[in-house]
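> My structure is stored as start08.txt, with compact mmCIF, C-alpha atoms.
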# COMPACT_ATOMS: atom_id res chain seq x y z
CA MET A 153 11.46 -1.09 10.93
CA ASP A 154 10.26 -1.10 14.50
CA ASN A 155 6.59 -0.79 15.39
CA GLY A 156 6.98 2.89 16.28
CA ASN A 157 8.29 3.73 12.82
CA ARG A 158 5.59 1.61 11.19
CA ALA A 159 2.94 3.44 13.22
CA GLN A 160 4.42 6.78 12.15
CA ILE A 161 4.34 5.75 8.48
CA ILE A 162 0.72 4.62 8.80
CA GLN A 163 -0.19 7.90 10.53
CA LEU A 164 1.36 9.87 7.66
CA LEU A 165 -0.40 7.63 5.12
CA SER A 166 -3.74 8.23 6.81
CA GLU A 167 -3.15 11.99 6.80
CA GLN A 168 -2.29 11.96 3.08
CA LEU A 169 -5.33 9.88 2.19
CA LEU A 170 -7.67 12.02 4.30
CA GLN A 171 -6.22 15.20 2.79
CA LYS A 172 -6.83 13.78 -0.70
CA LYS A 173 -10.32 12.62 0.36
CA SER A 174 -9.32 9.17 -0.89
CA VAL A 175 -9.33 5.58 0.27
CA MET A 176 -6.94 2.75 -0.50
CA ALA A 177 -6.91 -0.99 -1.00
CA THR A 178 -4.32 -3.73 -0.76
CA ALA A 179 -3.65 -6.68 -3.05
CA GLU A 180 -1.42 -9.15 -1.27
CA SER A 181 0.18 -12.45 -2.02
CA CYS A 182 3.30 -13.27 0.03
CA THR A 183 2.23 -11.11 2.98
CA GLY A 184 -1.09 -12.93 3.33
CA GLY A 185 -3.01 -9.85 4.45
CA GLY A 186 -0.29 -8.44 6.69
CA ILE A 187 -0.39 -5.00 5.09
CA ALA A 188 -4.17 -4.74 5.53
CA GLN A 189 -3.81 -5.97 9.12
CA ALA A 190 -1.19 -3.30 9.91
CA LEU A 191 -3.36 -0.58 8.39
CA THR A 192 -6.62 -1.62 10.03
CA ALA A 193 -4.98 -1.96 13.44
CA VAL A 194 -5.26 1.84 13.56
CA ALA A 195 -8.48 3.24 14.99
CA GLY A 196 -10.33 5.27 12.38
CA SER A 197 -8.81 3.45 9.42
CA SER A 198 -12.28 2.88 7.99
CA LEU A 199 -12.16 6.52 6.89
CA TRP A 200 -9.32 5.82 4.44
CA PHE A 201 -9.06 2.02 3.99
CA ASP A 202 -11.57 0.29 1.71
CA SER A 203 -10.54 -3.33 1.22
CA GLY A 204 -7.82 -5.93 1.13
CA PHE A 205 -7.48 -8.74 -1.38
CA VAL A 206 -5.41 -11.75 -0.34
CA THR A 207 -4.70 -13.43 -3.65
CA TYR A 208 -2.19 -16.09 -2.71
CA SER A 209 -2.80 -18.40 -5.66
CA ASN A 210 -2.43 -17.51 -9.31
CA GLN A 211 -6.10 -18.42 -9.82
CA ALA A 212 -7.11 -15.92 -7.12
CA LYS A 213 -5.02 -13.19 -8.77
CA HIS A 214 -6.89 -13.88 -12.01
CA ARG A 215 -10.36 -14.38 -10.50
CA MET A 216 -10.38 -11.58 -7.89
CA LEU A 217 -8.16 -8.95 -9.49
CA GLY A 218 -8.42 -9.72 -13.19
CA VAL A 219 -4.72 -10.45 -13.71
CA PRO A 220 -4.68 -12.13 -17.13
CA GLU A 221 -3.53 -15.76 -16.98
CA VAL A 222 -1.23 -15.06 -19.93
CA VAL A 223 0.59 -12.37 -17.89
CA ILE A 224 1.13 -14.78 -15.00
CA ALA A 225 2.21 -17.58 -17.35
CA GLY A 226 4.55 -15.29 -19.28
CA HIS A 227 6.24 -13.50 -16.39
CA GLY A 228 5.50 -15.56 -13.28
CA ALA A 229 3.48 -14.42 -10.28
CA VAL A 230 6.53 -12.67 -8.81
CA SER A 231 6.98 -10.03 -11.49
CA GLU A 232 6.52 -6.37 -12.30
CA PRO A 233 3.63 -6.89 -14.77
CA VAL A 234 1.71 -9.00 -12.25
CA VAL A 235 1.99 -6.57 -9.31
CA LYS A 236 1.14 -3.60 -11.52
CA THR A 237 -1.96 -5.42 -12.76
CA MET A 238 -2.81 -6.36 -9.17
CA VAL A 239 -2.83 -2.65 -8.26
CA GLN A 240 -5.14 -1.87 -11.17
CA GLY A 241 -7.39 -4.80 -10.25
CA ALA A 242 -7.63 -3.77 -6.61
CA ILE A 243 -8.71 -0.28 -7.64
CA ALA A 244 -11.17 -1.61 -10.23
CA HIS A 245 -12.76 -4.04 -7.74
CA SER A 246 -13.09 -1.61 -4.83
CA GLU A 247 -13.97 1.96 -3.99
CA ALA A 248 -10.27 2.81 -3.65
CA SER A 249 -8.39 5.52 -5.50
CA TYR A 250 -5.00 4.09 -4.51
CA ALA A 251 -3.67 0.59 -3.99
CA VAL A 252 -0.53 -1.29 -3.04
CA ALA A 253 0.25 -4.81 -4.27
CA VAL A 254 2.90 -7.36 -3.34
CA SER A 255 4.01 -10.71 -4.70
CA GLY A 256 7.16 -12.51 -3.68
CA VAL A 257 9.06 -15.59 -2.60
CA ALA A 258 9.00 -15.55 1.21
CA GLY A 259 10.58 -18.98 1.58
CA PRO A 260 11.96 -21.14 2.87
CA GLY A 261 11.29 -22.95 -0.44
CA GLY A 262 10.00 -21.82 -3.79
CA GLY A 263 13.00 -19.82 -4.89
CA SER A 264 14.92 -20.20 -8.14
CA VAL A 265 18.17 -18.89 -9.59
CA GLU A 266 16.22 -16.10 -11.30
CA LYS A 267 13.97 -15.41 -8.31
CA PRO A 268 15.68 -16.55 -5.11
CA VAL A 269 13.98 -16.59 -1.72
CA GLY A 270 13.52 -12.99 -0.62
CA THR A 271 12.63 -11.70 -4.11
CA VAL A 272 9.58 -9.45 -3.81
CA TRP A 273 7.87 -7.09 -6.24
CA VAL A 274 5.89 -4.21 -4.73
CA ALA A 275 3.68 -1.82 -6.71
CA TRP A 276 1.82 1.34 -5.75
CA GLY A 277 -0.58 3.29 -7.81
CA SER A 278 -3.68 5.17 -8.72
CA GLY A 279 -5.84 4.88 -11.78
CA ASP A 280 -3.45 6.67 -14.08
CA GLN A 281 -0.02 5.78 -12.65
CA VAL A 282 1.47 2.59 -11.22
CA ASP A 283 5.08 2.25 -10.07
CA ALA A 284 6.83 -0.98 -9.09
CA VAL A 285 10.11 -1.90 -7.41
CA ARG A 286 11.88 -5.24 -7.04
CA PHE A 287 13.38 -5.98 -3.63
CA GLN A 288 15.75 -8.70 -2.49
CA PHE A 289 15.16 -9.21 1.23
CA GLU A 290 17.23 -11.33 3.60
CA GLY A 291 16.17 -13.55 6.47
CA ASP A 292 13.61 -16.22 7.17
CA ARG A 293 9.98 -16.27 6.00
CA ASP A 294 8.77 -13.97 8.78
CA ALA A 295 11.59 -11.49 8.16
CA VAL A 296 10.88 -11.36 4.42
CA ARG A 297 7.17 -10.80 5.06
CA GLU A 298 7.81 -8.05 7.63
CA GLN A 299 10.30 -6.28 5.35
CA THR A 300 7.76 -6.49 2.52
CA ILE A 301 5.05 -4.89 4.67
CA ASP A 302 7.40 -2.06 5.62
CA ALA A 303 8.55 -1.50 2.03
CA ALA A 304 4.95 -1.45 0.83
CA LEU A 305 3.90 1.13 3.42
CA GLN A 306 6.95 3.34 2.86
CA GLY A 307 6.58 3.13 -0.90
CA LEU A 308 2.90 4.01 -0.83
CA LEU A 309 3.64 7.02 1.34
CA GLY A 310 6.33 8.07 -1.11
CA PHE A 311 3.87 7.63 -3.96
CA LEU A 312 1.21 9.74 -2.23
CA SER A 313 3.61 12.45 -1.09
CA PRO A 314 6.89 12.25 -3.02
CA THR A 315 8.20 15.60 -1.77
CA SER A 316 7.73 14.95 1.93
CA PHE A 317 9.02 11.41 2.24
CA ALA A 318 11.65 9.28 0.56
CA PRO A 319 11.61 5.52 1.34
Would you write the structure of this file as structure tokens?

Amino acid sequence: MDNGNRAQIIQLLSEQLLQKKSVMATAESCTGGGIAQALTAVAGSSLWFDSGFVTYSNQAKHRMLGVPEVVIAGHGAVSEPVVKTMVQGAIAHSEASYAVAVSGVAGPGGGSVEKPVGTVWVAWGSGDQVDAVRFQFEGDRDAVREQTIDAALQGLLGFLSPTSFAP
């Protein structure tokens, strides 16, 4: 997605959050804070963005977001249960009503047959509902990270306003 489309998605996200009188948080692994950076690049984002957690290590996911070590050990950091728990942890450890979480294999190393480079799980949610999607992105490390940021933003917008936007 080009920067103009990303800006449009963020504008729509901000409108949805303001309309709902809500704020959001991010819980990021493979993007290293890139989603929070994209969101807070917008003037006025403090009205609808609360906090960003960069939990790159498994220990940080456990310590900062409360992801149980047994969940990480049983499923791996790049998994649906982990990103869903990251969403719940981001909401529990912030003032946010909504959160987005990502965990993936950006590369160039770290992939496996089961989870090759480009495998990313993204989750969006609120206190009572969390949805997650597995993506398989192509390209180098930067491309995987950028595609993850775009998918996270589009998916969150779809979560907030499913009738007005389809990712």
> So how far away is atom CA of Val257 of chain A from atom CA of Val269 of chain A, in Å?
5.1 Å
> Find the residues around segment 186-201 of chain A up to 9 Å (all atoms listed in the file counted), leave out those fewer than 5 positions away in its own chain, and share them as a JSON list (two decimals) with C-alpha atoms, keeping the file's coordinate frame.

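What ended up in selection02.json:
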[["chain", "number", "residue", "atom", "x", "y", "z"],
["A", 158, "ARG", "CA", 5.59, 1.61, 11.19],
["A", 159, "ALA", "CA", 2.94, 3.44, 13.22],
["A", 162, "ILE", "CA", 0.72, 4.62, 8.80],
["A", 163, "GLN", "CA", -0.19, 7.90, 10.53],
["A", 166, "SER", "CA", -3.74, 8.23, 6.81],
["A", 169, "LEU", "CA", -5.33, 9.88, 2.19],
["A", 170, "LEU", "CA", -7.67, 12.02, 4.30],
["A", 173, "LYS", "CA", -10.32, 12.62, 0.36],
["A", 174, "SER", "CA", -9.32, 9.17, -0.89],
["A", 175, "VAL", "CA", -9.33, 5.58, 0.27],
["A", 176, "MET", "CA", -6.94, 2.75, -0.50],
["A", 177, "ALA", "CA", -6.91, -0.99, -1.00],
["A", 178, "THR", "CA", -4.32, -3.73, -0.76],
["A", 179, "ALA", "CA", -3.65, -6.68, -3.05],
["A", 180, "GLU", "CA", -1.42, -9.15, -1.27],
["A", 248, "ALA", "CA", -10.27, 2.81, -3.65],
["A", 252, "VAL", "CA", -0.53, -1.29, -3.04],
["A", 297, "ARG", "CA", 7.17, -10.80, 5.06],
["A", 298, "GLU", "CA", 7.81, -8.05, 7.63],
["A", 300, "THR", "CA", 7.76, -6.49, 2.52],
["A", 301, "ILE", "CA", 5.05, -4.89, 4.67],
["A", 302, "ASP", "CA", 7.40, -2.06, 5.62],
["A", 304, "ALA", "CA", 4.95, -1.45, 0.83],
["A", 305, "LEU", "CA", 3.90, 1.13, 3.42]]
> With all atoms listed in the file as the basis for distance, which of A:Ser255, A:Ser264, A:Gln299, A:Gln168 is at the shortest distance from Thr237 of chain A?
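Smallest separation from Thr237 of chain A among the options: A:Ser255.
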> To one decimal place, how far is atom CA of Ser231 of chain A from atom CA of Gln306 of chain A in Å?
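About the pair atom CA of Ser231 of chain A and atom CA of Gln306 of chain A: they are 19.6 Å apart.
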> Dump as a list in words all residues having an atom at most 10 Å from (-7.6, -1.3, -11.7), computed in the file's coordinates with all atoms listed in the file.
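Residues close enough to count: Leu217, Gly218, Val219, Lys236, Thr237, Met238, Val239, Gln240, Gly241, Ala242, Ile243, Ala244, His245, Ser246, Ala248, Ser249, Tyr250, Ala251, Gly277, Ser278, Gly279, Asp280 and Val282 of chain A.
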> Would you list the residues near (10.4, -0.8, -7.0), meaning any protein, DNA or RNA residue with an atom at most 10 Å from that point in file coordinates, counting all atoms listed in the file, as a list in words?
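Here is the list of nearby residues: Glu232, Val272, Trp273, Val274, Ala275, Trp276, Asp283, Ala284, Val285, Arg286, Phe287, Ala303, Ala304 and Gly307 of chain A.
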> Could you tell me how far atom CA of Glu247 of chain A lies from atom CA of Ser203 of chain A, in Å and to one decimal?
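Atom CA of Glu247 of chain A sits 8.2 Å away from atom CA of Ser203 of chain A.
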> With distances taken over all atoms listed in the file, which residue among A:Gln281, A:Gln288, A:Ala225, A:Pro268 lies nearest Phe311 of chain A?
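Going through A:Gln281, A:Gln288, A:Ala225, A:Pro268 one by one, the smallest distance to Phe311 of chain A is for A:Gln281.
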